[in-house]
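Source file: my_file.tsv; contents: TSV, C-alpha atoms and all ligand atoms.
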```tsv
chain	number	residue	atom	x	y	z
A	444	MET	CA	128.46	103.76	99.63
A	445	ILE	CA	125.48	104.29	101.92
A	446	ALA	CA	125.26	105.86	105.35
A	447	VAL	CA	122.25	105.02	107.50
A	448	ILE	CA	121.44	108.03	109.67
A	449	LYS	CA	120.41	107.67	113.32
A	450	PRO	CA	116.66	108.16	113.96
A	451	GLY	CA	115.77	111.65	115.15
A	452	THR	CA	118.63	113.36	113.29
A	453	THR	CA	117.56	116.76	111.94
A	454	ASP	CA	118.29	118.21	108.47
A	455	GLU	CA	120.57	120.82	110.10
A	456	GLN	CA	122.59	118.07	111.77
A	457	MET	CA	123.00	116.26	108.42
A	458	GLU	CA	123.90	119.42	106.49
A	459	PRO	CA	127.69	119.56	107.25
A	460	LEU	CA	128.12	115.91	106.20
A	461	ILE	CA	126.13	116.41	102.98
A	462	SER	CA	128.01	119.54	101.93
A	463	TRP	CA	131.35	117.87	102.69
A	464	LEU	CA	130.37	114.85	100.56
A	465	GLU	CA	129.25	117.12	97.71
A	466	LYS	CA	132.64	118.85	97.82
A	467	GLN	CA	134.21	115.43	97.17
A	468	GLU	CA	132.38	115.55	93.79
A	469	LEU	CA	129.96	112.82	94.79
A	470	ARG	CA	126.27	112.81	93.94
A	471	VAL	CA	124.37	112.61	97.20
A	472	HIS	CA	121.05	110.82	97.18
A	473	ILE	CA	118.92	111.20	100.29
A	474	SER	CA	116.13	108.73	100.94
A	475	LYS	CA	113.88	109.70	103.83
A	476	GLY	CA	111.67	106.81	104.83
A	477	GLU	CA	109.16	106.54	107.61
A	478	TYR	CA	111.66	104.81	109.87
A	479	GLN	CA	115.04	105.49	108.34
A	480	THR	CA	117.04	108.08	106.42
A	481	VAL	CA	119.69	106.75	104.09
A	482	ILE	CA	122.36	108.85	102.39
A	483	GLY	CA	123.54	107.17	99.19
A	484	LEU	CA	126.73	108.25	97.41
A	485	ILE	CA	127.20	107.93	93.67
A	486	GLY	CA	130.58	108.45	92.04
A	487	ASP	CA	134.14	107.54	92.95
A	488	THR	CA	133.79	106.77	96.65
A	489	SER	CA	137.17	105.02	96.89
A	490	LYS	CA	138.74	108.10	98.56
A	491	VAL	CA	135.97	108.38	101.18
A	492	ASP	CA	137.15	107.01	104.51
A	493	LEU	CA	134.45	104.54	105.56
A	494	GLU	CA	135.63	104.42	109.18
A	495	MET	CA	135.55	108.20	109.45
A	496	ILE	CA	131.91	108.26	108.24
A	497	GLN	CA	131.03	105.40	110.61
A	498	SER	CA	132.49	107.32	113.55
A	499	LEU	CA	130.24	110.37	113.09
A	500	ASP	CA	127.64	110.96	115.81
A	501	ILE	CA	124.70	111.07	113.40
A	502	VAL	CA	125.66	107.88	111.52
A	503	GLU	CA	124.27	104.51	112.56
A	504	SER	CA	126.19	102.49	109.96
A	505	ALA	CA	128.05	102.97	106.69
A	506	THR	CA	128.72	100.33	104.04
A	507	ARG	CA	130.12	100.15	100.54
A	508	VAL	CA	127.59	99.07	97.91
A	509	SER	CA	128.97	96.43	95.62
A	510	GLU	CA	126.16	96.41	93.01
A	511	PRO	CA	126.85	98.44	89.87
A	512	TYR	CA	123.38	99.99	90.05
A	513	LYS	CA	122.92	102.55	92.80
A	514	ALA	CA	119.93	104.89	92.47
A	515	CYS	CA	117.54	102.04	91.63
A	516	SER	CA	118.96	99.77	94.33
A	517	ARG	CA	116.90	98.97	97.39
A	518	THR	CA	120.01	99.49	99.50
A	519	PHE	CA	119.93	103.18	98.52
A	520	HIS	CA	116.19	103.53	99.01
A	521	PRO	CA	114.79	100.87	101.35
A	522	GLU	CA	111.12	101.79	100.92
A	523	ASP	CA	109.06	101.07	97.80
A	524	THR	CA	108.87	103.92	95.33
A	525	VAL	CA	105.32	105.05	94.62
A	526	ILE	CA	104.93	106.59	91.18
A	527	GLN	CA	102.27	109.24	90.80
A	528	VAL	CA	100.97	109.54	87.23
A	529	GLY	CA	100.07	113.17	86.48
A	530	GLU	CA	98.84	115.39	89.28
A	531	ASN	CA	95.75	113.46	90.27
A	532	GLY	CA	96.24	110.26	88.33
A	533	PRO	CA	96.76	106.70	89.53
A	534	LYS	CA	99.67	105.61	91.71
A	535	ILE	CA	101.86	102.60	90.98
A	536	GLY	CA	103.99	100.77	93.57
A	537	GLY	CA	104.09	100.53	97.35
A	538	GLY	CA	100.74	98.72	97.47
A	539	HIS	CA	99.13	100.70	94.63
A	540	PHE	CA	98.21	98.42	91.73
A	541	ALA	CA	97.61	99.73	88.20
A	542	ILE	CA	96.18	98.06	85.11
A	543	ILE	CA	97.31	99.48	81.78
A	544	ALA	CA	95.17	98.27	78.88
A	545	GLY	CA	94.53	99.06	75.25
A	546	PRO	CA	95.43	98.00	71.75
A	547	CYS	CA	98.92	97.25	70.49
A	548	SER	CA	98.57	100.00	67.86
A	549	VAL	CA	96.33	103.02	67.68
A	550	GLU	CA	94.46	102.32	64.44
A	551	THR	CA	91.48	104.66	64.01
A	552	PRO	CA	89.81	107.30	66.21
A	553	GLU	CA	86.77	105.00	66.57
A	554	GLN	CA	88.90	101.99	67.56
A	555	ILE	CA	90.94	103.75	70.25
A	556	SER	CA	87.94	105.61	71.67
A	557	TYR	CA	85.85	102.45	71.86
A	558	VAL	CA	88.61	100.36	73.47
A	559	ALA	CA	89.46	103.21	75.87
A	560	GLN	CA	85.87	103.41	77.13
A	561	ARG	CA	85.56	99.64	77.43
A	562	VAL	CA	88.80	99.14	79.38
A	563	LYS	CA	87.91	102.07	81.62
A	564	ASP	CA	84.53	100.48	82.35
A	565	GLY	CA	86.32	97.19	83.03
A	566	GLY	CA	88.64	98.75	85.62
A	567	ALA	CA	91.78	99.88	83.76
A	568	HIS	CA	93.70	102.78	85.31
A	569	LEU	CA	95.69	103.79	82.22
A	570	LEU	CA	95.21	103.50	78.46
A	571	ARG	CA	97.96	102.11	76.24
A	572	GLY	CA	98.31	102.29	72.46
A	573	GLY	CA	101.27	102.42	70.10
A	574	ALA	CA	101.65	105.47	67.86
A	575	PHE	CA	105.26	104.72	66.92
A	576	LYS	CA	105.58	100.97	66.40
A	577	PRO	CA	108.84	98.99	66.44
A	578	ARG	CA	107.97	96.30	63.88
A	579	THR	CA	110.20	93.41	62.87
A	580	SER	CA	109.33	93.99	59.20
A	581	PRO	CA	109.70	97.43	57.64
A	582	TYR	CA	106.70	96.58	55.45
A	583	ASP	CA	104.33	96.18	58.40
A	584	PHE	CA	102.23	99.03	59.83
A	585	GLN	CA	104.65	101.41	61.54
A	586	GLY	CA	102.05	103.36	63.54
A	587	HIS	CA	100.31	106.68	62.83
A	588	GLY	CA	103.02	108.68	64.65
A	589	GLN	CA	101.85	112.16	65.67
A	590	LYS	CA	98.28	111.45	64.50
A	591	GLY	CA	98.24	108.36	66.73
A	592	ILE	CA	99.21	110.48	69.75
A	593	GLU	CA	96.42	112.92	68.88
A	594	MET	CA	93.92	110.03	68.78
A	595	LEU	CA	95.16	108.85	72.18
A	596	LEU	CA	94.73	112.37	73.58
A	597	THR	CA	91.15	112.49	72.29
A	598	ALA	CA	90.45	109.14	74.01
A	599	LYS	CA	92.08	110.48	77.17
A	600	ALA	CA	89.90	113.59	77.10
A	601	ALA	CA	86.77	111.45	76.71
A	602	THR	CA	87.56	108.86	79.38
A	603	GLY	CA	89.94	110.62	81.77
A	604	LEU	CA	92.41	107.73	81.43
A	605	PRO	CA	96.07	108.81	81.39
A	606	ILE	CA	97.97	107.48	78.38
A	607	VAL	CA	101.06	105.32	77.93
A	608	THR	CA	102.78	105.17	74.54
A	609	GLU	CA	106.17	104.19	73.18
A	610	LEU	CA	108.96	106.62	72.32
A	611	MET	CA	111.54	105.21	69.90
A	612	ASP	CA	113.46	108.27	68.76
A	613	ILE	CA	114.67	111.31	70.68
A	614	ARG	CA	113.64	113.52	67.71
A	615	ASN	CA	110.00	112.81	68.61
A	616	ILE	CA	110.22	113.94	72.25
A	617	PRO	CA	108.37	117.24	71.57
A	618	LEU	CA	105.32	115.22	70.44
A	619	PHE	CA	105.15	113.51	73.86
A	620	GLU	CA	104.45	116.65	75.88
A	621	ASP	CA	100.90	115.58	76.84
A	622	VAL	CA	101.68	111.87	77.13
A	623	ASP	CA	101.48	110.74	80.76
A	624	VAL	CA	103.86	107.76	80.76
A	625	ILE	CA	106.65	107.20	78.24
A	626	GLN	CA	107.17	103.57	77.24
A	627	ILE	CA	110.64	102.37	76.31
A	628	GLY	CA	110.17	99.14	74.39
A	629	ALA	CA	112.10	95.90	74.63
A	630	ARG	CA	114.06	96.70	71.47
A	631	ASN	CA	115.30	99.98	72.95
A	632	THR	CA	116.04	98.93	76.52
A	633	GLN	CA	119.74	99.38	75.85
A	634	ASN	CA	119.50	102.44	73.62
A	635	TYR	CA	121.53	104.47	76.07
A	636	ASP	CA	121.17	107.82	74.29
A	637	LEU	CA	117.39	107.42	74.40
A	638	LEU	CA	117.54	106.45	78.09
A	639	LYS	CA	119.66	109.50	78.91
A	640	GLU	CA	117.13	111.79	77.22
A	641	VAL	CA	114.08	110.32	78.98
A	642	GLY	CA	116.17	110.68	82.14
A	643	LYS	CA	115.97	114.44	81.61
A	644	MET	CA	112.17	114.39	81.27
A	645	ASN	CA	109.89	114.79	84.24
A	646	LYS	CA	107.31	112.11	83.57
A	647	PRO	CA	107.19	108.43	84.48
A	648	VAL	CA	109.00	105.99	82.22
A	649	LEU	CA	107.77	102.43	81.70
A	650	LEU	CA	110.94	100.50	80.93
A	651	LYS	CA	110.53	97.08	79.36
A	652	ARG	CA	113.00	94.25	79.79
A	653	GLY	CA	115.12	93.65	76.67
A	654	LEU	CA	114.31	90.74	74.35
A	655	ALA	CA	117.15	88.70	75.83
A	656	GLY	CA	118.05	91.02	78.67
A	657	THR	CA	119.25	89.92	82.06
A	658	LEU	CA	117.76	91.47	85.18
A	659	LYS	CA	121.04	93.21	85.89
A	660	GLU	CA	120.96	94.76	82.41
A	661	LEU	CA	117.40	95.95	83.02
A	662	LEU	CA	118.44	97.56	86.30
A	663	MET	CA	121.45	99.19	84.63
A	664	SER	CA	119.10	100.66	82.01
A	665	ALA	CA	116.87	102.02	84.80
A	666	GLU	CA	120.05	103.45	86.33
A	667	TYR	CA	120.77	105.38	83.09
A	668	ILE	CA	117.37	107.07	83.39
A	669	MET	CA	117.73	107.78	87.10
A	670	ALA	CA	121.34	108.97	86.84
A	671	ASN	CA	120.05	111.69	84.52
A	672	GLY	CA	117.58	112.91	87.11
A	673	ASN	CA	114.31	111.07	86.43
A	674	GLU	CA	113.56	108.76	89.35
A	675	ASN	CA	110.09	107.74	88.11
A	676	VAL	CA	110.85	104.43	86.47
A	677	ILE	CA	108.47	101.46	86.26
A	678	LEU	CA	110.13	98.14	85.40
A	679	CYS	CA	108.22	95.80	83.09
A	680	GLU	CA	108.75	92.05	82.64
A	681	ARG	CA	107.43	91.19	79.16
A	682	GLY	CA	108.95	87.77	78.53
A	683	ILE	CA	112.37	86.86	77.21
A	684	ARG	CA	113.65	84.91	74.24
A	685	THR	CA	114.31	81.25	75.10
A	686	TYR	CA	114.45	78.03	73.09
A	687	GLU	CA	110.65	77.78	73.23
A	688	SER	CA	108.96	79.72	70.45
A	689	THR	CA	106.43	77.24	69.07
A	690	TYR	CA	103.71	77.50	71.67
A	691	THR	CA	104.66	80.78	73.31
A	692	ARG	CA	106.10	83.91	71.66
A	693	ASN	CA	108.43	84.54	74.60
A	694	THR	CA	108.93	82.93	78.00
A	695	LEU	CA	107.39	84.84	80.89
A	696	ASP	CA	110.01	85.04	83.63
A	697	LEU	CA	107.74	85.50	86.62
A	698	SER	CA	110.62	85.09	89.04
A	699	ALA	CA	111.75	88.49	87.73
A	700	VAL	CA	109.01	90.05	89.88
A	701	PRO	CA	110.28	88.99	93.33
A	702	VAL	CA	113.91	89.30	92.26
A	703	LEU	CA	113.50	92.86	90.97
A	704	LYS	CA	111.47	93.83	94.01
A	705	LYS	CA	114.20	92.46	96.27
A	706	LEU	CA	116.98	94.30	94.43
A	707	SER	CA	115.16	97.52	93.66
A	708	HIS	CA	112.58	99.88	95.16
A	709	LEU	CA	111.04	100.59	91.76
A	710	PRO	CA	107.55	99.26	90.90
A	711	VAL	CA	107.48	96.12	88.77
A	712	ILE	CA	104.68	95.36	86.33
A	713	VAL	CA	104.08	92.40	83.99
A	714	ASP	CA	102.96	92.35	80.35
A	715	PRO	CA	101.40	88.90	79.81
A	716	SER	CA	100.44	89.77	76.20
A	717	HIS	CA	103.94	90.08	74.70
A	718	ALA	CA	105.20	87.46	77.15
A	719	THR	CA	102.95	84.74	75.75
A	720	GLY	CA	101.87	85.92	72.29
A	721	HIS	CA	98.55	84.06	72.59
A	722	SER	CA	95.30	85.57	73.81
A	723	ASP	CA	94.20	82.35	75.53
A	724	LEU	CA	97.29	82.44	77.79
A	725	VAL	CA	96.90	86.05	78.90
A	726	SER	CA	94.39	85.46	81.69
A	727	SER	CA	96.31	82.76	83.56
A	728	MET	CA	99.63	84.62	83.30
A	729	ALA	CA	98.04	87.92	84.35
A	730	LEU	CA	96.62	86.30	87.46
A	731	ALA	CA	99.90	84.53	88.21
A	732	ALA	CA	101.72	87.87	87.95
A	733	VAL	CA	99.35	89.42	90.49
A	734	ALA	CA	99.91	86.47	92.83
A	735	ALA	CA	103.68	86.87	92.37
A	736	GLY	CA	103.46	90.41	93.74
A	737	ALA	CA	103.49	92.55	90.59
A	738	ASP	CA	102.52	96.21	91.06
A	739	GLY	CA	100.52	96.26	87.86
A	740	LEU	CA	99.80	94.73	84.47
A	741	MET	CA	99.96	95.86	80.88
A	742	ILE	CA	97.45	94.01	78.70
A	743	GLU	CA	96.71	94.34	74.99
A	744	VAL	CA	92.97	94.68	74.34
A	745	HIS	CA	91.40	95.03	70.88
A	746	ASN	CA	87.80	95.43	69.73
A	747	ASP	CA	88.37	92.98	66.86
A	748	PRO	CA	91.59	90.99	67.47
A	749	LYS	CA	91.32	88.98	64.23
A	750	HIS	CA	91.61	92.18	62.22
A	751	ALA	CA	94.12	94.02	64.43
A	752	TRP	CA	96.87	95.87	62.54
A	753	SER	CA	99.47	94.45	64.95
A	754	ASP	CA	99.66	91.74	67.63
A	755	GLY	CA	96.12	90.43	67.01
A	756	PRO	CA	96.90	86.84	68.14
A	757	GLN	CA	97.81	88.01	71.64
A	758	SER	CA	95.07	90.64	71.97
A	759	ILE	CA	92.04	89.91	74.12
A	760	THR	CA	88.56	91.36	73.62
A	761	PRO	CA	87.02	93.90	76.01
A	762	ASP	CA	84.69	91.16	77.33
A	763	VAL	CA	87.64	88.95	78.25
A	764	PHE	CA	89.34	92.00	79.79
A	765	ASP	CA	86.30	92.56	82.03
A	766	ASP	CA	86.57	88.98	83.24
A	767	ILE	CA	90.35	89.18	83.90
A	768	ALA	CA	90.02	92.53	85.70
A	769	SER	CA	87.39	91.16	88.05
A	770	LYS	CA	89.54	88.08	88.80
A	771	ILE	CA	92.53	90.36	89.43
A	772	ARG	CA	90.52	92.23	92.07
A	773	LYS	CA	89.71	88.90	93.77
A	774	ILE	CA	93.34	87.76	93.79
A	775	ARG	CA	94.42	91.14	95.16
A	776	GLU	CA	91.98	90.70	98.04
A	777	VAL	CA	93.39	87.24	98.80
A	778	ILE	CA	97.03	88.30	98.77
A	779	LYS	CA	96.32	91.37	100.90
A	780	GLY	CA	95.31	88.98	103.66
A	781	CYS	CA	98.46	86.79	103.30
B	1	LIG	C1	104.28	96.96	72.77
B	1	LIG	O1	104.05	97.19	73.96
B	1	LIG	O2	103.42	97.05	71.87
B	1	LIG	C2	105.63	96.45	72.40
B	1	LIG	C3	106.12	96.63	71.19
B	1	LIG	O3	106.20	95.77	73.40
B	1	LIG	P1	107.69	95.17	73.54
B	1	LIG	O4	108.61	96.34	73.43
B	1	LIG	O5	107.68	94.53	74.88
B	1	LIG	O6	107.87	94.18	72.43
B	2	MN	MN	102.20	94.83	70.83
```

Render the structure in this file as C-alpha cells.
Amino acid sequence: MIAVIKPGTTDEQMEPLISWLEKQELRVHISKGEYQTVIGLIGDTSKVDLEMIQSLDIVESATRVSEPYKACSRTFHPEDTVIQVGENGPKIGGGHFAIIAGPCSVETPEQISYVAQRVKDGGAHLLRGGAFKPRTSPYDFQGHGQKGIEMLLTAKAATGLPIVTELMDIRNIPLFEDVDVIQIGARNTQNYDLLKEVGKMNKPVLLKRGLAGTLKELLMSAEYIMANGNENVILCERGIRTYESTYTRNTLDLSAVPVLKKLSHLPVIVDPSHATGHSDLVSSMALAAVAAGADGLMIEVHNDPKHAWSDGPQSITPDVFDDIASKIRKIREVIKGC
C-alpha cells in the first residue's frame, strides 16, 4: 500500500500516522521527492483500512500496490534513485551516467594497472575486474581471489578509479571491505542467501539479470537486497539465453532498459560484452543502450584480448574503448536535447 502525502505536510504532522503504521508491524518506507512524499507500506497490509487512511487530512490518496516487489517499485519511490559510489565517487542514475570498464579477470598486476590507466584516460568512471570467477568449467581459471582484489586495490590507488568486482560466496565478504561496488553475477541472481547478506552491507550492489531470468525475477532479487536494508542497487541487463547462440553468446534485451525504468526507480546499466560475446558487436550495442536510456555501461576491456585468461573473444582493446567512449559522449549530448 502507498499513501501520497499532501504537499506542505510537515514531519510532525506525519509522525502520528507513521508510528501507528509501525505499531501494525508494517515496515514504513518514506520517499521524499522534490514534489511529493510517498509513504510505502511493506508487510501484511490486508488489515489496514484503506478508506480510513484516505480520509486523513494529510493524505492526498492511498492505493494498494499489486506488484510483488515494493521497495524497488517506482510506485513506492517515484523519483529516480541516484547511487553515490564512495564518498566522493561517481554517481549513477537520475541523469548521472557511469562507464564501468576493465578486464573480465584480473590476471597480473601489470595487466590490471595498465588497463585501469587506459580506461581512465578513455573516460571510464569505475574499474571492473573479476577476482572470483564463476566459470562454466572447473578446469578454467577461477580467478586469483584475495590476491586479485589486492591487485585491483593497487590499480585503484594509482588511478583513483573505484572498483567493481564479483562476490560469489558469503564466506568471502570480509575480503570486500575496500571494494566500492559488489557485483552479483548472472549465475547468482537468485542465490537468495547471498542477496540477503549483501542486503546487510552498506555499499552499492550491481545486480546482473539471470541467464534466463525474467524482469520480474530480477526485480524480486533486487527486492531481497533492499528488504534487508541496502537500497543501493544497480540493475544490469547482460543478455539472456535464447535460441540464438551461433552468432551471439546471449541475446541483448534492450527493451529491458525502458521496462525496468518504468517499473523501478533503480538505475539500469547494460553490459554489451556478455550480451553479445563478440568484440565487434560491443560498440553498436553499447551505443544502442545509451540511446535506449541506460544509466551506464559495463564493458570488458583487455590489453591483449587474444591471450585473455577469460572472455577474450568479447573483450575490446583500450584503443577501441577510447573510440566507443567518445561516441557515447556524443550520443548522450544528442539524447539530452530530445
Ligand atoms: C562478468 O562480469 O565477468 C560475468 C561473469 O558476468 P555475468 O555474470 O553477466 O556472466
Ligand atoms: Mn566476463

At a cut-off of 12 Å and counting all atoms listed in the file, what residues surround ligand MN 2 (chain B)? Please answer as an NGL selection string. :A and (544-549 or 571-579 or 584-586 or 608-609 or 626 or 628-629 or 681 or 692 or 714-722 or 741-745 or 748 or 751-759)

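Distances to ligand LIG 1 (chain B) were evaluated for A:Ile543, A:Ala732, A:Leu709, A:Val763 using all atoms listed in the file, and the minimum falls at A:Ile543.
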
Using only C-alpha atoms and all ligand atoms, can you tell me which of A:Leu610, A:Leu596, A:Ile555, A:Ala446 comes closest to ligand LIG 1 (chain B)?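 Answer, going by the shortest atom-to-atom distance: A:Leu610.
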
So what do you get for atom CA of Ala670 of chain A versus atom CA of Glu530 of chain A, distance-wise? 23.5 Å

Pick from A:Ile683, A:Ala729, A:Ile482, A:Ala601: nearest to ligand LIG 1 (chain B), with all atoms listed in the file counted?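 Answer, going by the shortest atom-to-atom distance: A:Ile683.
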
Close residues, Cys781 of chain A itself excluded, 12 Å, only C-alpha atoms, min 6 positions apart in chain, as a VMD selection string: chain A and resid 734 736 774 to 775

Å distance separating atom CA of Lys770 of chain A from atom CA of Gly536 of chain A, one decimal place: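 Rounded to one decimal, the two atoms are 19.8 Å apart.
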
Between atom CA of Asn634 of chain A and atom CA of Leu604 of chain A, what is the distance in Å, rounded to a tenth?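 Computed distance, atom CA of Asn634 of chain A to atom CA of Leu604 of chain A, equals 28.7 Å.
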
Nearest residue to Asn645 of chain A from the set A:Thr632, A:Asn746, A:Gln527, A:Thr518 (distances using all atoms listed in the file):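 Smallest distance to Asn645 of chain A is found for A:Gln527.
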
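Of the listed residues (A:Tyr478, A:Tyr667, A:Ile613, A:Asp621), A:Tyr667 comes nearest to Gln633 of chain A; the distances count all atoms listed in the file.
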
Closest of A:Leu499, A:Leu695, A:Val641, A:Val622 to ligand LIG 1 (chain B) - atom-to-atom distances counting only C-alpha atoms and all ligand atoms: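 Using only C-alpha atoms and all ligand atoms, ligand LIG 1 (chain B) sits closest to A:Leu695.
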
With all atoms listed in the file as the counted atoms, please give the residues lying no more than 9 Å from Ala768 of chain A, apart from itself and same-chain residues fewer than 5 positions off, as a list of chain:residue names. A:Ile542, A:Gly565, A:Gly566, A:Ala567, A:Val763, A:Lys773

Quick one: what's the axis-aligned box for ligand LIG 1 (chain B), all listed atoms, 6 Å on every side, centre and edges in Å to one decimal, as JSON?
```
{"center_x": 106.0, "center_y": 95.7, "center_z": 73.0, "size_x": 17.2, "size_y": 15.0, "size_z": 15.7}
```
